[in-house]
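Chemist: To start, I am sharing the structure in question, which I have written as structure tokens.
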Amino acid sequence: MKKVSRYKRETIKWGIPLAVLAAGLLIAAGCSQQAKEKEPVVSVQATAAQRAAISQSVSAEAVVFPLEQATVAPKITATVKKFFVQRGSWVKKGQLLAELENADLSATAEASKGDYDLAEANYAMTVTVGAGLPQQIQKAELDAASARAAFEAQQKIYESRKDLLRQGAIPRRDLEAAEVALAQARSQNEQAQKQLGDLQRLGKEQELKSARGSKESAEGKYHNAAALLSYSLIKSPIDGVVTDRPLYEGDLATANQPILTVMNLSRLIGKAHIPQAEAAQLKVGNPAEITIAGVDEPVKGRVSLVSPALDPGSTTVEVWIEARKPDPALRPGMTVAVSMTAKTTTHAIVVPAGAVFRSEEAGDYVLVAESDGKAHQKKVQVGIRNKDYAQIVSGINAGDPVITTGGYGLPDGTQVKIEAPEKKESAGGEDDEKDKKETADPKGAKKDKKTDETVAKSGKGKE
């Protein structure tokens with residue numbers, strides 16, 4: 001009896017834990033099988049990769065400036081006598097805008113004109129008649145005439161004594177004395193004539209130079225006075241519209257201080273500062289659009305300048321976008337949004353930009369809903385990317401169903417269920433009824449699924 005009781009006790013002691021362990025294993029196996037049977041299905045939305053044109057766009061904010069602008073400032077300080085334009089007046093190049101007080105300048109100009117006329121007349125008289133020769137020239141002329149007369153008289157004496165010597169009436173020494181006197185008279189005459197010629201030539205040149213200098217000096221003074229007078233007449237340097245006129249008639253206009261601003265509003269540009277990497281893709285002539293707040297249609301334009309140097313303050317590149325036909329709503333000083341098309345590729349495989357994911361391990365990838373009902377990661381090479389779409393250079397084919405919604409963080413091989421995107425409610429309600437019927441019709445859903453599979457297969461075949 002004791003042995004039996006001991007056996008029972010041992011059986012009870014070890015049997016209960018073994019039974020509990022076996023029951024736990026059975027429960028775990030059942031749960032594992034149930035988990036496999038109930039693998040989660042994730043609802044996603046997908047769209048087929050398509051072939052289309054895609055553009056690389058660079059967007060930024062820009063400030064509007066006129067291509068031509070003139071800040072008009074006087075060169076003299078004077079009181080404003082009269083304004084001929086108002087703010088908003090359209091003007092032409094060279095048009096008189098304002099006049100400053102100029103009575104003193106006008107009188108100075110008239111006096112300078114008189115002095116110039118007098119100097120010009122004196123110069124003309126000096127050139128034509130040689131008036132006003134120096135006294136020394138006149139004395140040289142008298143000396144030259146006396147020397148010439150003495151030479152001629154001495155020559156006659158010499159000829160007379162020569163004839164007398166031939167007749168034997170005088171001794172030879174008298175002829176020799178006459179010959180010496182003749183030589184002296186000849187030398188004096190030549191010297192006097194040379195001195196007169198030199199004085200006449202040099203004196204005439206100096207007289208002309210002096211007269212010319214007086215004329216040019218008077219002319220310079222007259223032109224200076226006329227220029228100062230012209231500075232009192234303020235004219236427009238460009239065609240445009242007057243955008244600023246801070247002074248009134250009677251106010252003192254200070255030299256080199258603006259009194260008018262003229263802008264040419266027919267050609268407006270937007271100046272934007274673009275990061276270096278994006279600016280490297282732009283070039284002059286690229287199409288662009290300027291978007292104005294509150295205006296539905298953007299203004300067409302083009303890139304007219306890409307600065308060759310960086311802005312040292314912001315380390316960005318300044319880019320100008322010129323509007324082709326400026327909208328009246330586009331005004332200088334406004335802040336606008338600009339979008340520039342750097343390059344365009346046609347017949348490219350494109351997917352929504354949100355369908356492209358990136359990880360440190362895989363790089364750029366997309367999730368494709370394969371025919372096995374699972375999402376598979378496909379590593380891709382991305383080309384052009386903008387805010388809406390991305391170009392897929394390699395990795396998938398046109399027609400592949402790419403997951404666009406619900407794919408973020410989704411593991412590779414996850415069971416997925418493709419759902420149709422939610423449609424917006426229509427005003428009439430007819431579309432809503434149609435959507436309900438299509439959702440309720442399983443045959444239609446199967447037909448759509450077959451159609452999607454056919455498009456995907458055909459896309460793969462084309463590739």
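Chains: A, B, ... in order of the structure tokens. Residues: from 1 per chain. Ligands: from 1, in order shown.
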Give me, as number ranges by chain, all polymer residues having an atom no more than 10 Å from Glu190 (chain A), counting only C-alpha atoms and skipping those fewer than 6 positions away in the same chain.
Modeler: A: 144, 147-148, 151, 196
Chemist: Can you tell me, as a PyMOL selection string, what residues are no more than 9 Å from region 116-118 of chain A when counting only C-alpha atoms, ignoring any on the same chain fewer than 3 positions away?
Modeler: chain A and resi 111-113+121-123+214-222
Chemist: Please indicate the distance in Å from CA of Thr261 (chain A) to CA of Val85 (chain A), rounded to one decimal place.
Modeler: 11.3 Å
Chemist: List the neighbours of Gly373 (chain A) out to 6 Å using only C-alpha atoms; skip same-chain residues closer than 3 positions along the sequence, and give me the result as a list in words.
Modeler: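 So the residues in contact are Glu370, Gln415 and Val416 of chain A.
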Chemist: Selected residues, N, CA and C atoms, written as an mmCIF file, in the first residue's frame, please.
Modeler:
```
data_model
loop_
_atom_site.group_PDB
_atom_site.id
_atom_site.type_symbol
_atom_site.label_atom_id
_atom_site.label_comp_id
_atom_site.auth_asym_id
_atom_site.auth_seq_id
_atom_site.Cartn_x
_atom_site.Cartn_y
_atom_site.Cartn_z
ATOM 1 N N GLU A 370 2.901 44.173 -56.799
ATOM 2 C CA GLU A 370 3.050 43.107 -57.781
ATOM 3 C C GLU A 370 1.767 42.278 -57.872
ATOM 4 N N GLN A 415 1.684 42.310 -47.460
ATOM 5 C CA GLN A 415 0.443 42.074 -48.195
ATOM 6 C C GLN A 415 -0.330 43.397 -48.268
ATOM 7 N N VAL A 416 -0.731 43.785 -49.479
ATOM 8 C CA VAL A 416 -1.422 45.057 -49.659
ATOM 9 C C VAL A 416 -2.729 44.852 -50.404
#
```
Chemist: Could you name the residues that touch Ser230 (chain A) at 10 Å or less, counting only C-alpha atoms, but leaving out those on the same chain fewer than 6 positions away, as a list of chain:residue names?
Modeler: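 Surrounding residues, per the criterion: A:Lys75, A:Glu99, A:Leu100, A:Asn102, A:Leu105, A:Ser106, A:Asn224.
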Chemist: Since we have the selection now, will you write its residues out, keeping N, CA and C atoms, as a compact mmCIF listing (two decimals), in the first residue's frame?
Modeler:
```
# COMPACT_ATOMS: atom_id res chain seq x y z
N LYS A 75 22.48 119.47 -60.88
CA LYS A 75 23.90 119.64 -60.64
C LYS A 75 24.21 120.94 -59.91
N GLU A 99 12.14 123.43 -64.05
CA GLU A 99 13.05 124.56 -64.29
C GLU A 99 13.39 125.19 -62.95
N LEU A 100 14.70 125.47 -62.75
CA LEU A 100 15.18 126.12 -61.54
C LEU A 100 15.39 127.60 -61.80
N ASN A 102 17.15 130.85 -62.60
CA ASN A 102 18.39 130.95 -63.36
C ASN A 102 18.67 132.35 -63.89
N LEU A 105 22.40 133.10 -63.74
CA LEU A 105 23.13 132.27 -64.70
C LEU A 105 22.90 132.75 -66.13
N SER A 106 21.69 133.22 -66.41
CA SER A 106 21.40 133.74 -67.74
C SER A 106 22.21 135.00 -68.03
N ASN A 224 31.12 127.39 -70.50
CA ASN A 224 30.91 127.08 -69.08
C ASN A 224 29.65 127.77 -68.56
```
Chemist: According to DSSP computed on the backbone, where in region 164-410 of chain A is there helix (DSSP H, G or I)? Give the residues as a ChimeraX atom specification.
Modeler: /A:164-167,172-230,276-279,353-355
Chemist: Give me, please, the distance in Å between CA of Pro275 (chain A) and CA of Thr316 (chain A), quoted to one decimal.
Modeler: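 Between CA of Pro275 (chain A) and CA of Thr316 (chain A) the gap works out to 4.9 Å.
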Chemist: DSSP on the backbone, then: every residue of region 335-437 of chain A marked strand (DSSP E), written as a VMD selection string.
Modeler: chain A and resid 335 to 352 357 to 359 363 to 369 374 to 379 381 to 385 389 to 394 401 to 405 414 to 418
Chemist: Any chance you could export the current selection's C-alpha atoms as a PDB file, in the first residue's frame?
Modeler:
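Dumped to out-v4.pdb:
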```pdb
ATOM      1  CA  THR A 335       7.404  90.598 -53.945  1.00  0.00           C
ATOM      2  CA  VAL A 336       6.347  87.823 -56.342  1.00  0.00           C
ATOM      3  CA  ALA A 337       6.880  84.094 -56.771  1.00  0.00           C
ATOM      4  CA  VAL A 338       8.910  83.012 -59.783  1.00  0.00           C
ATOM      5  CA  SER A 339       9.274  79.586 -61.348  1.00  0.00           C
ATOM      6  CA  MET A 340      12.027  78.924 -63.898  1.00  0.00           C
ATOM      7  CA  THR A 341      12.190  75.850 -66.116  1.00  0.00           C
ATOM      8  CA  ALA A 342      15.803  74.683 -66.187  1.00  0.00           C
ATOM      9  CA  LYS A 343      15.380  71.692 -68.521  1.00  0.00           C
ATOM     10  CA  THR A 344      12.659  69.458 -69.986  1.00  0.00           C
ATOM     11  CA  THR A 345      12.736  65.761 -70.870  1.00  0.00           C
ATOM     12  CA  THR A 346      10.093  64.242 -73.143  1.00  0.00           C
ATOM     13  CA  HIS A 347       8.878  60.626 -73.165  1.00  0.00           C
ATOM     14  CA  ALA A 348      10.224  59.992 -69.675  1.00  0.00           C
ATOM     15  CA  ILE A 349       8.884  57.489 -67.119  1.00  0.00           C
ATOM     16  CA  VAL A 350       7.292  59.607 -64.394  1.00  0.00           C
ATOM     17  CA  VAL A 351       5.651  58.828 -61.063  1.00  0.00           C
ATOM     18  CA  PRO A 352       4.189  61.120 -58.396  1.00  0.00           C
ATOM     19  CA  PHE A 357      11.166  57.188 -50.823  1.00  0.00           C
ATOM     20  CA  ARG A 358      14.736  57.213 -49.596  1.00  0.00           C
ATOM     21  CA  SER A 359      16.643  55.276 -46.989  1.00  0.00           C
ATOM     22  CA  GLY A 363      18.870  54.880 -51.424  1.00  0.00           C
ATOM     23  CA  ASP A 364      15.961  56.001 -53.636  1.00  0.00           C
ATOM     24  CA  TYR A 365      13.242  53.382 -54.042  1.00  0.00           C
ATOM     25  CA  VAL A 366       9.556  52.938 -54.874  1.00  0.00           C
ATOM     26  CA  LEU A 367       7.028  50.331 -53.774  1.00  0.00           C
ATOM     27  CA  VAL A 368       5.410  48.357 -56.581  1.00  0.00           C
ATOM     28  CA  ALA A 369       2.213  46.379 -56.038  1.00  0.00           C
ATOM     29  CA  LYS A 374       2.433  42.168 -52.069  1.00  0.00           C
ATOM     30  CA  ALA A 375       4.410  45.391 -52.086  1.00  0.00           C
ATOM     31  CA  HIS A 376       7.988  45.033 -53.283  1.00  0.00           C
ATOM     32  CA  GLN A 377      10.740  47.596 -52.991  1.00  0.00           C
ATOM     33  CA  LYS A 378      12.369  48.596 -56.287  1.00  0.00           C
ATOM     34  CA  LYS A 379      15.584  50.567 -56.170  1.00  0.00           C
ATOM     35  CA  GLN A 381      17.556  56.081 -60.242  1.00  0.00           C
ATOM     36  CA  VAL A 382      15.817  59.457 -60.102  1.00  0.00           C
ATOM     37  CA  GLY A 383      16.399  62.074 -62.786  1.00  0.00           C
ATOM     38  CA  ILE A 384      14.417  65.293 -62.938  1.00  0.00           C
ATOM     39  CA  ARG A 385      12.330  65.995 -59.874  1.00  0.00           C
ATOM     40  CA  TYR A 389       6.439  64.376 -60.295  1.00  0.00           C
ATOM     41  CA  ALA A 390       9.779  62.586 -60.459  1.00  0.00           C
ATOM     42  CA  GLN A 391      11.520  61.041 -63.461  1.00  0.00           C
ATOM     43  CA  ILE A 392      12.568  57.396 -63.048  1.00  0.00           C
ATOM     44  CA  VAL A 393      15.660  56.774 -65.165  1.00  0.00           C
ATOM     45  CA  SER A 394      15.955  53.077 -64.263  1.00  0.00           C
ATOM     46  CA  PRO A 401       1.621  49.989 -60.428  1.00  0.00           C
ATOM     47  CA  VAL A 402       3.512  52.232 -58.017  1.00  0.00           C
ATOM     48  CA  ILE A 403       2.123  52.752 -54.518  1.00  0.00           C
ATOM     49  CA  THR A 404       1.397  56.442 -53.985  1.00  0.00           C
ATOM     50  CA  THR A 405      -0.494  56.436 -50.666  1.00  0.00           C
ATOM     51  CA  THR A 414       3.868  43.300 -47.104  1.00  0.00           C
ATOM     52  CA  GLN A 415       0.443  42.074 -48.195  1.00  0.00           C
ATOM     53  CA  VAL A 416      -1.422  45.057 -49.659  1.00  0.00           C
ATOM     54  CA  LYS A 417      -4.880  45.833 -50.897  1.00  0.00           C
ATOM     55  CA  ILE A 418      -5.226  48.475 -53.593  1.00  0.00           C
TER      56      ILE A 418
END
```
Chemist: Determine the nearest neighbour of Leu67 (chain A) from the options A:Arg267, A:Arg166, A:Arg173, A:Lys235, counting only C-alpha atoms.
Modeler: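 Among the listed residues, A:Arg267 lies closest to Leu67 (chain A).
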